[in-house]
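A short write-up of the structure that comes next.
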Amino acid sequence: MRQPLVAGNWKLNGSLASTKELLAGIKSGLAEVVNAEVVVCPPYVFIPEVQAQLAGSSIAWGGQNLSAEAGGAFTGEISASMLLDFGCKYVLVGHSERRMLYGEDNALVAKKFVVAKKSGLIPILCVGETLEERQQGITEDVVAAQLAAVIDQGGIAALDGAVIAYEPVWAIGTGMTASPEQAQTVHAYIRSQLAQHDGAVASGMRILYGGSMKPENAVELLTQSDIDGGLIGGAALKAEGFLSICKAAN
Ligand code: PEP
């Protein structure tokens, strides 16, 4: 049985004041969410505040990115051990904005994934195709290559206990959600790719859907057999909307 997981990716949003307000709102509505795991991924500088407010609660937190390096002359970077120092349990790896805006290729994403896993963080590996790639009919090839890069570097064992988020790039922040059938097809494909290496890793893998998930479409997405939760961007910035997705996953 895979425990549903809902993760909020706050991206480059918020202030200290709005972070406090958002956390208070999420905490106040969480009593009804007993089966789903809830995670928030704030901007780095707000992680200490998140830790202070969420320590002892059922909500976990994580980074939106990490360096592939352990330390040294890498201005602006944050390492896995720094995230662990502030209680992070999860870290997003290979979000499409990192891939597209900051040039992170499959090899770098795989390196970050392996570093995160070895450090004791749970990486959430983001995969997904652009609109052009979908129109060319190569969605599965793109996703397979993104997965293969991680398996090549870390072996299938690196994926054991990790999380995958299928996020079609054309659905992120656009309001154009994948249909439940489109999403389920790719989720099942991801699981089948993992099963070629290790059946237990495949059946235990939590595969989240991300891309304009909101309260209005969460139930029909989350009831697909291979969709185990959501990675939420815009709708995670308001406690009420985020909580109703958490309740749908519950
Ligand atoms: C995301 O960036 O991971 C995401 C899913 O964003 P949104 O929900 O805003 O599409």
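The chains in the structure tokens are called A, B, ... from first to last as shown; in each chain the residues are counted from 1, and the ligands are counted from 1 in the order shown.
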Can I get the residues of stretch 151-197 of chain A within 7 Å of stretch 114-129 of chain A, each with the closest pair of atoms and their distance in Å to one decimal, using only C-alpha atoms, sorted chain first then ascending number, as a Markdown table?
```
| residue | atom | partner | partner_atom | distance |
| --- | --- | --- | --- | --- |
| A:Gly154 | CA | A:Val114 | CA | 5.8 |
| A:Ala158 | CA | A:Val114 | CA | 6.6 |
| A:Ala162 | CA | A:Ile122 | CA | 5.5 |
| A:Val163 | CA | A:Ile124 | CA | 4.6 |
| A:Ile164 | CA | A:Leu125 | CA | 4.7 |
| A:Ala165 | CA | A:Cys126 | CA | 4.7 |
| A:Tyr166 | CA | A:Val127 | CA | 5.2 |
| A:Glu167 | CA | A:Gly128 | CA | 4.9 |
| A:Pro168 | CA | A:Gly128 | CA | 4.5 |
| A:Val169 | CA | A:Glu129 | CA | 5.7 |
```
Could those selected residues go to a file with N, CA, C and O atoms, as a short mmCIF file (atom, residue, chain, number, x, y, z; two decimals), in the first residue's frame?
```cif
data_model
loop_
_atom_site.label_atom_id
_atom_site.label_comp_id
_atom_site.auth_asym_id
_atom_site.auth_seq_id
_atom_site.Cartn_x
_atom_site.Cartn_y
_atom_site.Cartn_z
N GLY A 154 23.09 5.64 -10.35
CA GLY A 154 22.91 5.18 -8.97
C GLY A 154 22.47 3.74 -8.85
O GLY A 154 22.41 3.20 -7.75
N ALA A 158 19.12 3.10 -5.96
CA ALA A 158 19.04 4.53 -5.60
C ALA A 158 17.59 5.01 -5.59
O ALA A 158 17.25 5.99 -4.93
N ALA A 162 12.60 6.41 -2.85
CA ALA A 162 12.52 7.78 -3.38
C ALA A 162 11.10 8.05 -3.90
O ALA A 162 10.21 7.20 -3.75
N VAL A 163 10.92 9.21 -4.48
CA VAL A 163 9.61 9.61 -5.01
C VAL A 163 9.87 10.14 -6.42
O VAL A 163 10.91 10.75 -6.68
N ILE A 164 8.91 9.89 -7.32
CA ILE A 164 8.99 10.46 -8.67
C ILE A 164 7.78 11.37 -8.86
O ILE A 164 6.68 11.04 -8.40
N ALA A 165 7.99 12.51 -9.49
CA ALA A 165 6.86 13.38 -9.84
C ALA A 165 6.81 13.49 -11.36
O ALA A 165 7.79 13.95 -11.97
N TYR A 166 5.71 13.02 -11.94
CA TYR A 166 5.52 13.23 -13.38
C TYR A 166 4.88 14.59 -13.58
O TYR A 166 3.75 14.83 -13.12
N GLU A 167 5.62 15.48 -14.22
CA GLU A 167 5.13 16.85 -14.41
C GLU A 167 5.28 17.24 -15.88
O GLU A 167 6.35 17.68 -16.31
N PRO A 168 4.22 17.06 -16.66
CA PRO A 168 4.31 17.51 -18.04
C PRO A 168 4.58 19.02 -18.06
O PRO A 168 3.85 19.78 -17.41
N VAL A 169 5.64 19.42 -18.75
CA VAL A 169 6.08 20.82 -18.67
C VAL A 169 4.97 21.76 -19.15
O VAL A 169 4.78 22.85 -18.59
#
```
- [ ] Set the cut-off to 6 Å, count only C-alpha atoms and all ligand atoms, and list whatever residues fall near ligand 1 as a list in words.
- [x]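 If we count only C-alpha atoms and all ligand atoms, the neighbours of ligand 1 turn out to be Asn9, Ala171, Ile172, Gly173, Gly210, Gly211, Ser212, Met213, Leu231, Ile232, Gly233, Gly234 and Ala235 of chain A.
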TODO: Give the answer as one residue: which of A:Cys246, A:Ala80, A:Ala148, A:Met1 has the shortest atom-to-atom distance to A:Asp226, using only C-alpha atoms?
DONE: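 That would be A:Met1, the residue with the smallest distance to A:Asp226.
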Open item on the list: Env of A:Ala68: 8 Å cut, atoms = only C-alpha atoms, seq-sep filter 6 positions within chain, self excluded. Answer as number ranges by chain.
Closed with: A: 79, 108, 111-112, 115
Selection above as a file: C-alpha atoms, as a PDB file, in the first residue's frame:
```pdb
ATOM      1  CA  SER A  79      24.333  21.212   0.028  1.00  0.00           C
ATOM      2  CA  LEU A 108      23.493  16.633 -13.481  1.00  0.00           C
ATOM      3  CA  LYS A 111      24.156  13.291  -9.865  1.00  0.00           C
ATOM      4  CA  LYS A 112      22.071  15.485  -7.549  1.00  0.00           C
ATOM      5  CA  VAL A 115      23.958  12.763  -3.707  1.00  0.00           C
TER       6      VAL A 115
END
```
Open item on the list: Can you pull out every residue from stretch 24-126 of chain A that DSSP, working from the backbone, puts in alpha helix (DSSP H), and format the result as number ranges by chain?
Closed with: A: 24-28, 47-54, 80-85, 96-101, 106-119
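Compared by their closest atoms to A:Ala52, and using only C-alpha atoms, the residues A:Ser81, A:Thr19, A:Ser179, A:Thr75 rank with A:Thr19 nearest.
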TODO: Considering only C-alpha atoms, return as a count of residues only whatever protein or nucleic-acid residues lie within 10 Å of A:Ser15, sequence-local ones (same chain, fewer than 5 positions apart) excluded.
DONE: 5
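Picture a line from atom CA of A:Gln184 to atom CA of A:Phe113; it runs 24.1 Å.
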Open item on the list: Please determine, counting only C-alpha atoms, which residue among A:Arg2, A:Trp170, A:Lys238, A:Gly56 has the shortest atom-to-atom distance to A:Ser203.
Closed with: A:Arg2
Open item on the list: Using only C-alpha atoms, which protein or nucleic acid residues come within 12 Å of A:Ile78? Drop anything in the same chain fewer than 4 positions from it, and give the result as a PyMOL selection string.
Closed with: chain A and resi 43-45+63-74+82-86+91+112+116
Open item on the list: Based on the backbone DSSP call, show me all residues of stretch 26-105 of chain A assigned strand (DSSP E or B), as a ChimeraX atom specification.
Closed with: /A:37-41,59-63,90-93
Those residues with C-alpha atoms, as a PDB file, in the first residue's frame please?
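The resulting out37.pdb:
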```
ATOM      1  CA  GLU A  37       1.760  12.611   3.961  1.00  0.00           C
ATOM      2  CA  VAL A  38       2.077  16.383   3.555  1.00  0.00           C
ATOM      3  CA  VAL A  39       5.313  18.153   2.595  1.00  0.00           C
ATOM      4  CA  VAL A  40       6.161  21.793   1.948  1.00  0.00           C
ATOM      5  CA  CYS A  41       9.184  22.995  -0.029  1.00  0.00           C
ATOM      6  CA  ILE A  59       4.067  17.923   8.084  1.00  0.00           C
ATOM      7  CA  ALA A  60       7.511  17.382   6.601  1.00  0.00           C
ATOM      8  CA  TRP A  61       9.556  19.934   4.678  1.00  0.00           C
ATOM      9  CA  GLY A  62      12.196  19.923   2.004  1.00  0.00           C
ATOM     10  CA  GLY A  63      14.385  21.911  -0.336  1.00  0.00           C
ATOM     11  CA  TYR A  90      12.757  15.716   1.128  1.00  0.00           C
ATOM     12  CA  VAL A  91      14.355  17.580  -1.765  1.00  0.00           C
ATOM     13  CA  LEU A  92      13.049  18.259  -5.253  1.00  0.00           C
ATOM     14  CA  VAL A  93      15.496  17.227  -7.941  1.00  0.00           C
TER      15      VAL A  93
END
```
Open item on the list: Residues within 10 Å of A:Ala144, please, as an MDAnalysis selection string. Count only C-alpha atoms; anything in the same chain fewer than 6 positions from it doesn't count.
Closed with: chainID A and resid 127:128 138 189:190 193:194
Generate a file of the selected residues that holds C-alpha atoms, formatted as a compact mmCIF listing (two decimals), in the first residue's frame.
```txt
# COMPACT_ATOMS: atom_id res chain seq x y z
CA VAL A 127 10.34 14.13 -14.97
CA GLY A 128 8.16 15.17 -17.88
CA ILE A 138 8.14 11.11 -27.79
CA TYR A 189 4.69 3.68 -18.09
CA ILE A 190 7.08 4.99 -15.41
CA GLN A 193 10.11 1.07 -16.67
CA LEU A 194 11.10 0.61 -13.03
```
- [ ] Find, counting only C-alpha atoms, the residue in A:Thr223, A:Gln196, A:Ser18, A:Ser28 that gets nearest to A:Leu208.
- [x] A:Thr223
TODO: Pick out the residues sitting within 8 Å of A:Ile245, and hand them over as a ChimeraX atom specification; count only C-alpha atoms, and ignore anything fewer than 2 positions along from it in its own chain.
DONE: /A:6,214-215,218-219,241-243,247-249
Would you save the residues from that selection as a PDB file, in the first residue's frame, using all heavy atoms?
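The new file part29.pdb reads:
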```pdb
ATOM      1  N   VAL A   6       1.351  14.570  -0.708  1.00  0.00           N
ATOM      2  CA  VAL A   6       1.087  15.852  -1.379  1.00  0.00           C
ATOM      3  C   VAL A   6       2.197  16.815  -0.978  1.00  0.00           C
ATOM      4  O   VAL A   6       2.422  17.059   0.214  1.00  0.00           O
ATOM      5  CB  VAL A   6      -0.293  16.433  -0.998  1.00  0.00           C
ATOM      6  CG1 VAL A   6      -0.519  17.774  -1.688  1.00  0.00           C
ATOM      7  CG2 VAL A   6      -1.412  15.464  -1.375  1.00  0.00           C
ATOM      8  N   LYS A 214      -5.317  21.282  -8.871  1.00  0.00           N
ATOM      9  CA  LYS A 214      -6.041  22.217  -8.000  1.00  0.00           C
ATOM     10  C   LYS A 214      -7.218  21.495  -7.371  1.00  0.00           C
ATOM     11  O   LYS A 214      -7.528  20.365  -7.781  1.00  0.00           O
ATOM     12  CB  LYS A 214      -6.469  23.457  -8.786  1.00  0.00           C
ATOM     13  CG  LYS A 214      -6.979  23.199 -10.168  1.00  0.00           C
ATOM     14  CD  LYS A 214      -7.103  24.476 -10.995  1.00  0.00           C
ATOM     15  CE  LYS A 214      -7.546  24.115 -12.418  1.00  0.00           C
ATOM     16  NZ  LYS A 214      -6.676  24.530 -13.461  1.00  0.00           N
ATOM     17  N   PRO A 215      -7.894  22.133  -6.413  1.00  0.00           N
ATOM     18  CA  PRO A 215      -8.996  21.434  -5.747  1.00  0.00           C
ATOM     19  C   PRO A 215     -10.023  20.890  -6.735  1.00  0.00           C
ATOM     20  O   PRO A 215     -10.565  19.802  -6.544  1.00  0.00           O
ATOM     21  CB  PRO A 215      -9.606  22.515  -4.850  1.00  0.00           C
ATOM     22  CG  PRO A 215      -8.471  23.440  -4.559  1.00  0.00           C
ATOM     23  CD  PRO A 215      -7.616  23.455  -5.801  1.00  0.00           C
ATOM     24  N   ALA A 218      -8.387  17.650  -8.465  1.00  0.00           N
ATOM     25  CA  ALA A 218      -7.534  16.737  -7.694  1.00  0.00           C
ATOM     26  C   ALA A 218      -8.144  15.340  -7.563  1.00  0.00           C
ATOM     27  O   ALA A 218      -7.436  14.341  -7.744  1.00  0.00           O
ATOM     28  CB  ALA A 218      -7.270  17.326  -6.305  1.00  0.00           C
ATOM     29  N   VAL A 219      -9.436  15.268  -7.299  1.00  0.00           N
ATOM     30  CA  VAL A 219     -10.025  13.946  -7.027  1.00  0.00           C
ATOM     31  C   VAL A 219      -9.900  13.036  -8.245  1.00  0.00           C
ATOM     32  O   VAL A 219      -9.468  11.890  -8.155  1.00  0.00           O
ATOM     33  CB  VAL A 219     -11.506  14.083  -6.591  1.00  0.00           C
ATOM     34  CG1 VAL A 219     -12.172  12.714  -6.512  1.00  0.00           C
ATOM     35  CG2 VAL A 219     -11.581  14.775  -5.234  1.00  0.00           C
ATOM     36  N   GLY A 241      -6.758  26.012  -0.483  1.00  0.00           N
ATOM     37  CA  GLY A 241      -6.654  25.183  -1.683  1.00  0.00           C
ATOM     38  C   GLY A 241      -5.733  24.002  -1.470  1.00  0.00           C
ATOM     39  O   GLY A 241      -6.029  22.869  -1.866  1.00  0.00           O
ATOM     40  N   PHE A 242      -4.598  24.261  -0.818  1.00  0.00           N
ATOM     41  CA  PHE A 242      -3.634  23.186  -0.576  1.00  0.00           C
ATOM     42  C   PHE A 242      -4.266  22.106   0.304  1.00  0.00           C
ATOM     43  O   PHE A 242      -4.156  20.906   0.030  1.00  0.00           O
ATOM     44  CB  PHE A 242      -2.375  23.767   0.068  1.00  0.00           C
ATOM     45  CG  PHE A 242      -1.266  22.766   0.252  1.00  0.00           C
ATOM     46  CD1 PHE A 242      -0.683  22.134  -0.843  1.00  0.00           C
ATOM     47  CD2 PHE A 242      -0.791  22.449   1.520  1.00  0.00           C
ATOM     48  CE1 PHE A 242       0.348  21.202  -0.681  1.00  0.00           C
ATOM     49  CE2 PHE A 242       0.240  21.528   1.696  1.00  0.00           C
ATOM     50  CZ  PHE A 242       0.801  20.899   0.594  1.00  0.00           C
ATOM     51  N   LEU A 243      -4.974  22.559   1.339  1.00  0.00           N
ATOM     52  CA  LEU A 243      -5.605  21.597   2.254  1.00  0.00           C
ATOM     53  C   LEU A 243      -6.668  20.778   1.547  1.00  0.00           C
ATOM     54  O   LEU A 243      -6.814  19.579   1.807  1.00  0.00           O
ATOM     55  CB  LEU A 243      -6.240  22.340   3.438  1.00  0.00           C
ATOM     56  CG  LEU A 243      -5.276  22.766   4.531  1.00  0.00           C
ATOM     57  CD1 LEU A 243      -5.940  23.748   5.487  1.00  0.00           C
ATOM     58  CD2 LEU A 243      -4.747  21.549   5.306  1.00  0.00           C
ATOM     59  N   LYS A 247      -6.762  16.790   1.417  1.00  0.00           N
ATOM     60  CA  LYS A 247      -7.931  15.993   1.841  1.00  0.00           C
ATOM     61  C   LYS A 247      -8.353  15.041   0.721  1.00  0.00           C
ATOM     62  O   LYS A 247      -8.762  13.904   0.971  1.00  0.00           O
ATOM     63  CB  LYS A 247      -9.083  16.902   2.254  1.00  0.00           C
ATOM     64  CG  LYS A 247      -8.839  17.541   3.622  1.00  0.00           C
ATOM     65  CD  LYS A 247      -9.903  18.564   4.000  1.00  0.00           C
ATOM     66  CE  LYS A 247      -9.381  19.458   5.120  1.00  0.00           C
ATOM     67  NZ  LYS A 247     -10.141  20.713   5.254  1.00  0.00           N
ATOM     68  N   ALA A 248      -8.239  15.505  -0.531  1.00  0.00           N
ATOM     69  CA  ALA A 248      -8.583  14.628  -1.668  1.00  0.00           C
ATOM     70  C   ALA A 248      -7.624  13.439  -1.703  1.00  0.00           C
ATOM     71  O   ALA A 248      -8.034  12.314  -2.006  1.00  0.00           O
ATOM     72  CB  ALA A 248      -8.507  15.417  -2.981  1.00  0.00           C
ATOM     73  N   ALA A 249      -6.362  13.678  -1.379  1.00  0.00           N
ATOM     74  CA  ALA A 249      -5.370  12.586  -1.396  1.00  0.00           C
ATOM     75  C   ALA A 249      -5.587  11.638  -0.230  1.00  0.00           C
ATOM     76  O   ALA A 249      -5.249  10.463  -0.292  1.00  0.00           O
ATOM     77  CB  ALA A 249      -3.958  13.169  -1.328  1.00  0.00           C
TER      78      ALA A 249
END
```
TODO: Would you work out the distance separating atom CA of A:Glu49 from atom CA of A:Leu237, expressed in Å to one decimal?
DONE: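 If I compute the distance from atom CA of A:Glu49 to atom CA of A:Leu237, I get 16.1 Å.
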